[in-house]
Amino acid sequence: MDYTTLGKNGPKVSRICLGTMMFGDATNEADSLRIIDRAIDVGINFIDTANVYNAGESERILSKAIQDKRDQVFIATKVCGPMGEGINDQGLSRYHILNEVENSLRRLNTDYIDLYILHRPDYVTPIEETLRALDDLVSQGKIRYLGCSNFYSWQLCEALWTSDKRGYPPMVAVQPLYNIVNRDPEVELLPMCQAHGVGVMIYSPLARGVLAGKYLPGQDPPEGSRADRKDRRILVTELRDESFEVAQKLKPLADAHGKTMTQFSLNWALANPIITAAIVGPRTMEHLEDNLGCLGWEIEQDALDEIDRLVPPGEHTGFGFNDPQYPVIGRPKA
């Protein structure tokens, strides 16, 4: 396993981060526990979850897997998404954060959270209120590092500036969507993180399975795939023929390297020196074993050039996140 520092002052984490979104839903508890055990055995010490993943089941299952290994893993969990029907059961207010950190600690059966991530922006709550609440939690020893996910560059900048101004702990990591068919972060977010020493843990490095090559333009999704299971996230973000076509053109490049398409796509993402870690979300043990093959080799320059021709740096093959069932908190309507 390869390791690197999470941000300029952060801890050492594995370059593969185990994502747990499938655990407690598409992956049952027994299989989830086996996957987590295997990941830790091969050296993965970075595990990502969220309070909203399967109504807290992901955190609860993770707690079982690490009950005698807590000091071996660096756990990231998140806050912002809806956890109930109440008007204050979502967002980044002090009220919601202080409630939800206790709920996550209880489900995880731990005294502290290594990395507490703001899951998405809250356009209603002032960032200073959010950061003050997090500062208190750091002082209390309940969380150790702060991060954010799905933030624009200006929002990360505002958070860093506010923390510096008020003496609050800074964001040490961001979690953006980034992969071969979604290269938007290369324009502003990644250079900013590099300049300010912020770690980058990317999610959906396989475009939710599209870069595994399983989806074909104009055809029904294969049986058992995320799209076939009507997974909401892939239905609203990644199912576009333009990406399917790019994936099919990547297959000969992966074959030439003797690698699967998932290994090839993960290797490409991790080859970017600004990327700290790639979050993989295996549904099965076979998926995890395949993902592990992304390390220890390099993509040849001709193949890198071809990828840039297929999806130029800083561009993407279609639209971004637009899910009416899970809106950004308080985002102004056009």
# chains A, B, ... in the order shown; residues from 1 in each chain; ligands from 1
$ residues_around --residues "segment 86-94 of chain A" --least-positions-apart "6" --cutoff "9 Å" --atoms "only C-alpha atoms" --output "PDB file with N, CA and C atoms, in the first residue's frame"
ATOM      1  N   VAL A  79     -21.397  15.480   7.692  1.00  0.00           N
ATOM      2  CA  VAL A  79     -22.605  16.085   8.225  1.00  0.00           C
ATOM      3  C   VAL A  79     -23.148  17.100   7.234  1.00  0.00           C
ATOM      4  N   CYS A  80     -24.446  17.198   7.124  1.00  0.00           N
ATOM      5  CA  CYS A  80     -25.189  18.210   6.370  1.00  0.00           C
ATOM      6  C   CYS A  80     -26.511  17.648   5.884  1.00  0.00           C
ATOM      7  N   GLU A 100     -25.656  16.041  15.389  1.00  0.00           N
ATOM      8  CA  GLU A 100     -25.242  14.927  14.528  1.00  0.00           C
ATOM      9  C   GLU A 100     -23.874  14.365  14.868  1.00  0.00           C
ATOM     10  N   LEU A 118     -17.814  18.519   6.060  1.00  0.00           N
ATOM     11  CA  LEU A 118     -19.052  19.185   5.683  1.00  0.00           C
ATOM     12  C   LEU A 118     -19.456  18.622   4.330  1.00  0.00           C
ATOM     13  N   ARG A 120     -21.769  19.055   2.044  1.00  0.00           N
ATOM     14  CA  ARG A 120     -22.046  19.959   0.927  1.00  0.00           C
ATOM     15  C   ARG A 120     -22.299  21.347   1.492  1.00  0.00           C
ATOM     16  N   PRO A 121     -22.280  22.369   0.655  1.00  0.00           N
ATOM     17  CA  PRO A 121     -22.484  23.729   1.167  1.00  0.00           C
ATOM     18  C   PRO A 121     -23.886  23.942   1.725  1.00  0.00           C
ATOM     19  N   ASP A 122     -23.973  24.826   2.692  1.00  0.00           N
ATOM     20  CA  ASP A 122     -25.242  25.298   3.235  1.00  0.00           C
ATOM     21  C   ASP A 122     -25.294  26.793   2.945  1.00  0.00           C
ATOM     22  N   TYR A 123     -26.154  27.180   2.010  1.00  0.00           N
ATOM     23  CA  TYR A 123     -26.195  28.575   1.577  1.00  0.00           C
ATOM     24  C   TYR A 123     -27.009  29.467   2.515  1.00  0.00           C
ATOM     25  N   VAL A 124     -27.531  28.888   3.598  1.00  0.00           N
ATOM     26  CA  VAL A 124     -28.302  29.647   4.565  1.00  0.00           C
ATOM     27  C   VAL A 124     -27.461  29.997   5.799  1.00  0.00           C
ATOM     28  N   THR A 125     -26.736  29.033   6.304  1.00  0.00           N
ATOM     29  CA  THR A 125     -25.950  29.229   7.519  1.00  0.00           C
ATOM     30  C   THR A 125     -24.623  29.919   7.208  1.00  0.00           C
ATOM     31  N   PRO A 126     -24.274  30.985   7.911  1.00  0.00           N
ATOM     32  CA  PRO A 126     -22.974  31.630   7.712  1.00  0.00           C
ATOM     33  C   PRO A 126     -21.842  30.653   8.020  1.00  0.00           C
ATOM     34  N   ILE A 127     -20.803  30.676   7.211  1.00  0.00           N
ATOM     35  CA  ILE A 127     -19.693  29.742   7.409  1.00  0.00           C
ATOM     36  C   ILE A 127     -19.048  29.950   8.768  1.00  0.00           C
ATOM     37  N   GLU A 129     -20.538  30.536  11.619  1.00  0.00           N
ATOM     38  CA  GLU A 129     -21.275  29.744  12.607  1.00  0.00           C
ATOM     39  C   GLU A 129     -20.860  28.286  12.539  1.00  0.00           C
ATOM     40  N   THR A 130     -20.747  27.775  11.328  1.00  0.00           N
ATOM     41  CA  THR A 130     -20.349  26.382  11.141  1.00  0.00           C
ATOM     42  C   THR A 130     -18.960  26.130  11.711  1.00  0.00           C
ATOM     43  N   LEU A 131     -18.010  26.997  11.372  1.00  0.00           N
ATOM     44  CA  LEU A 131     -16.626  26.800  11.807  1.00  0.00           C
ATOM     45  C   LEU A 131     -16.479  26.967  13.308  1.00  0.00           C
ATOM     46  N   ARG A 132     -17.262  27.856  13.904  1.00  0.00           N
ATOM     47  CA  ARG A 132     -17.199  28.026  15.360  1.00  0.00           C
ATOM     48  C   ARG A 132     -17.653  26.751  16.064  1.00  0.00           C
ATOM     49  N   ALA A 133     -18.715  26.139  15.551  1.00  0.00           N
ATOM     50  CA  ALA A 133     -19.184  24.885  16.140  1.00  0.00           C
ATOM     51  C   ALA A 133     -18.114  23.801  16.011  1.00  0.00           C
ATOM     52  N   LEU A 134     -17.472  23.729  14.857  1.00  0.00           N
ATOM     53  CA  LEU A 134     -16.421  22.729  14.650  1.00  0.00           C
ATOM     54  C   LEU A 134     -15.205  23.002  15.535  1.00  0.00           C
ATOM     55  N   ILE A 329     -28.470  22.712   0.214  1.00  0.00           N
ATOM     56  CA  ILE A 329     -29.201  23.422   1.265  1.00  0.00           C
ATOM     57  C   ILE A 329     -29.244  24.919   0.969  1.00  0.00           C
ATOM     58  N   GLY A 330     -30.443  25.430   0.733  1.00  0.00           N
ATOM     59  CA  GLY A 330     -30.623  26.870   0.600  1.00  0.00           C
ATOM     60  C   GLY A 330     -30.045  27.492  -0.648  1.00  0.00           C
TER      61      GLY A 330
END
$ residues_around --residues "Ala303 of chain A" --least-positions-apart "6" --cutoff "10 Å" --atoms "only C-alpha atoms" --output "ChimeraX atom specification"
/A:250,252-254,256-257,268,309
$ write_last_selection --atoms "C-alpha atoms" --output "PDB file, in the first residue's frame"
ATOM      1  CA  LEU A 250     -10.394   3.588 -22.790  1.00  0.00           C
ATOM      2  CA  PRO A 252      -7.924  -0.705 -25.561  1.00  0.00           C
ATOM      3  CA  LEU A 253      -5.643   1.540 -23.509  1.00  0.00           C
ATOM      4  CA  ALA A 254      -6.250  -0.520 -20.371  1.00  0.00           C
ATOM      5  CA  ALA A 256      -2.462  -2.550 -23.641  1.00  0.00           C
ATOM      6  CA  HIS A 257      -1.266  -2.128 -20.061  1.00  0.00           C
ATOM      7  CA  TRP A 268      -4.925   7.729 -13.867  1.00  0.00           C
ATOM      8  CA  ARG A 309      -7.833  14.105 -26.396  1.00  0.00           C
TER       9      ARG A 309
END
$ select_by_dssp --residues "segment 92-146 of chain A" --states "helix (DSSP H, G or I)" --output "PyMOL selection string"
chain A and resi 94-108+127-139
$ write_last_selection --atoms "C-alpha atoms" --output "PDB file, in the first residue's frame"
ATOM      1  CA  ARG A  94     -24.490  24.833  15.051  1.00  0.00           C
ATOM      2  CA  TYR A  95     -27.690  23.107  16.168  1.00  0.00           C
ATOM      3  CA  HIS A  96     -27.517  20.370  13.551  1.00  0.00           C
ATOM      4  CA  ILE A  97     -23.761  19.827  13.772  1.00  0.00           C
ATOM      5  CA  LEU A  98     -23.753  19.432  17.566  1.00  0.00           C
ATOM      6  CA  ASN A  99     -26.650  16.984  17.369  1.00  0.00           C
ATOM      7  CA  GLU A 100     -25.242  14.927  14.528  1.00  0.00           C
ATOM      8  CA  VAL A 101     -21.689  14.614  15.782  1.00  0.00           C
ATOM      9  CA  GLU A 102     -23.080  12.891  18.883  1.00  0.00           C
ATOM     10  CA  ASN A 103     -25.196  10.577  16.742  1.00  0.00           C
ATOM     11  CA  SER A 104     -22.212   9.647  14.575  1.00  0.00           C
ATOM     12  CA  LEU A 105     -19.998   9.050  17.608  1.00  0.00           C
ATOM     13  CA  ARG A 106     -22.644   6.756  19.055  1.00  0.00           C
ATOM     14  CA  ARG A 107     -23.118   4.779  15.825  1.00  0.00           C
ATOM     15  CA  LEU A 108     -19.374   4.509  15.288  1.00  0.00           C
ATOM     16  CA  ILE A 127     -19.693  29.742   7.409  1.00  0.00           C
ATOM     17  CA  GLU A 128     -18.488  31.412  10.615  1.00  0.00           C
ATOM     18  CA  GLU A 129     -21.275  29.744  12.607  1.00  0.00           C
ATOM     19  CA  THR A 130     -20.349  26.382  11.141  1.00  0.00           C
ATOM     20  CA  LEU A 131     -16.626  26.800  11.807  1.00  0.00           C
ATOM     21  CA  ARG A 132     -17.199  28.026  15.360  1.00  0.00           C
ATOM     22  CA  ALA A 133     -19.184  24.885  16.140  1.00  0.00           C
ATOM     23  CA  LEU A 134     -16.421  22.729  14.650  1.00  0.00           C
ATOM     24  CA  ASP A 135     -13.785  24.651  16.611  1.00  0.00           C
ATOM     25  CA  ASP A 136     -15.626  23.796  19.831  1.00  0.00           C
ATOM     26  CA  LEU A 137     -15.743  20.124  18.859  1.00  0.00           C
ATOM     27  CA  VAL A 138     -12.010  20.088  18.141  1.00  0.00           C
ATOM     28  CA  SER A 139     -11.350  21.708  21.522  1.00  0.00           C
TER      29      SER A 139
END
$ residues_around --residues "Phe23 of chain A" --least-positions-apart "5" --cutoff "10 Å" --atoms "only C-alpha atoms" --output "compact mmCIF listing (two decimals) with N, CA and C atoms, in the first residue's frame"
# COMPACT_ATOMS: atom_id res chain seq x y z
N ASN A 28 -24.63 -6.49 2.13
CA ASN A 28 -25.16 -6.83 3.46
C ASN A 28 -24.08 -6.72 4.52
N GLU A 29 -24.49 -6.81 5.77
CA GLU A 29 -23.56 -6.58 6.88
C GLU A 29 -22.40 -7.57 6.88
N ALA A 30 -22.68 -8.84 6.70
CA ALA A 30 -21.62 -9.85 6.75
C ALA A 30 -20.57 -9.60 5.68
N ASP A 31 -21.00 -9.33 4.45
CA ASP A 31 -20.04 -9.06 3.38
C ASP A 31 -19.31 -7.75 3.62
N SER A 32 -20.01 -6.77 4.17
CA SER A 32 -19.37 -5.48 4.46
C SER A 32 -18.24 -5.67 5.46
N LEU A 33 -18.47 -6.44 6.49
CA LEU A 33 -17.45 -6.67 7.51
C LEU A 33 -16.24 -7.38 6.91
N ILE A 35 -15.23 -7.19 3.79
CA ILE A 35 -14.52 -6.25 2.93
C ILE A 35 -13.69 -5.29 3.77
N ILE A 36 -14.24 -4.79 4.85
CA ILE A 36 -13.49 -3.87 5.71
C ILE A 36 -12.27 -4.58 6.30
N THR A 49 -17.05 7.41 5.42
CA THR A 49 -18.46 7.11 5.57
C THR A 49 -19.23 8.42 5.70
N TYR A 53 -25.45 7.80 4.90
CA TYR A 53 -25.32 6.56 4.15
C TYR A 53 -26.21 5.48 4.78
N ASN A 54 -27.27 5.17 4.08
CA ASN A 54 -28.19 4.11 4.50
C ASN A 54 -28.72 4.35 5.91
N GLU A 57 -26.64 3.17 8.79
CA GLU A 57 -26.21 1.77 8.82
C GLU A 57 -24.73 1.63 8.47
N SER A 58 -24.25 2.46 7.55
CA SER A 58 -22.84 2.40 7.17
C SER A 58 -21.94 2.66 8.38
N GLU A 59 -22.25 3.69 9.14
CA GLU A 59 -21.45 3.99 10.34
C GLU A 59 -21.56 2.84 11.35
N ARG A 60 -22.74 2.32 11.55
CA ARG A 60 -22.93 1.26 12.54
C ARG A 60 -22.15 0.00 12.16
N ILE A 61 -22.18 -0.38 10.89
CA ILE A 61 -21.44 -1.56 10.45
C ILE A 61 -19.93 -1.32 10.58
N LEU A 62 -19.50 -0.13 10.22
CA LEU A 62 -18.08 0.18 10.35
C LEU A 62 -17.62 0.04 11.80
N GLY A 281 -15.52 2.44 -3.70
CA GLY A 281 -16.73 1.99 -3.00
C GLY A 281 -17.13 0.61 -3.43
N PRO A 282 -16.37 -0.41 -3.07
CA PRO A 282 -16.66 -1.77 -3.55
C PRO A 282 -17.98 -2.30 -3.00
N ARG A 283 -18.73 -2.94 -3.87
CA ARG A 283 -19.96 -3.61 -3.45
C ARG A 283 -19.67 -5.05 -3.06
N THR A 284 -18.61 -5.62 -3.65
CA THR A 284 -18.24 -7.02 -3.39
C THR A 284 -16.75 -7.11 -3.10
$ atom_distance --atom1 "atom CA of Lys8 of chain A" --atom2 "atom CA of Ala195 of chain A"
10.2 Å
$ select_by_dssp --residues "segment 116-276 of chain A" --states "strand (DSSP E)" --output "list in words"
Tyr116, Ile117, Leu118, Ile143, Arg144, Tyr145, Leu146, Gly147, Cys148, Ser149, Met171, Val172, Ala173, Val174, Gln175, Gly199, Val200, Met201 and Ile202 of chain A
$ closest_residue --among "A:Met171, A:Ile275, A:Val42, A:Met201" --to "Cys157 of chain A" --atoms "only C-alpha atoms"
A:Met171
$ closest_residue --among "A:Ala227, A:Glu306, A:Arg15, A:Asp71" --to "Ala271 of chain A" --atoms "only C-alpha atoms"
A:Arg15
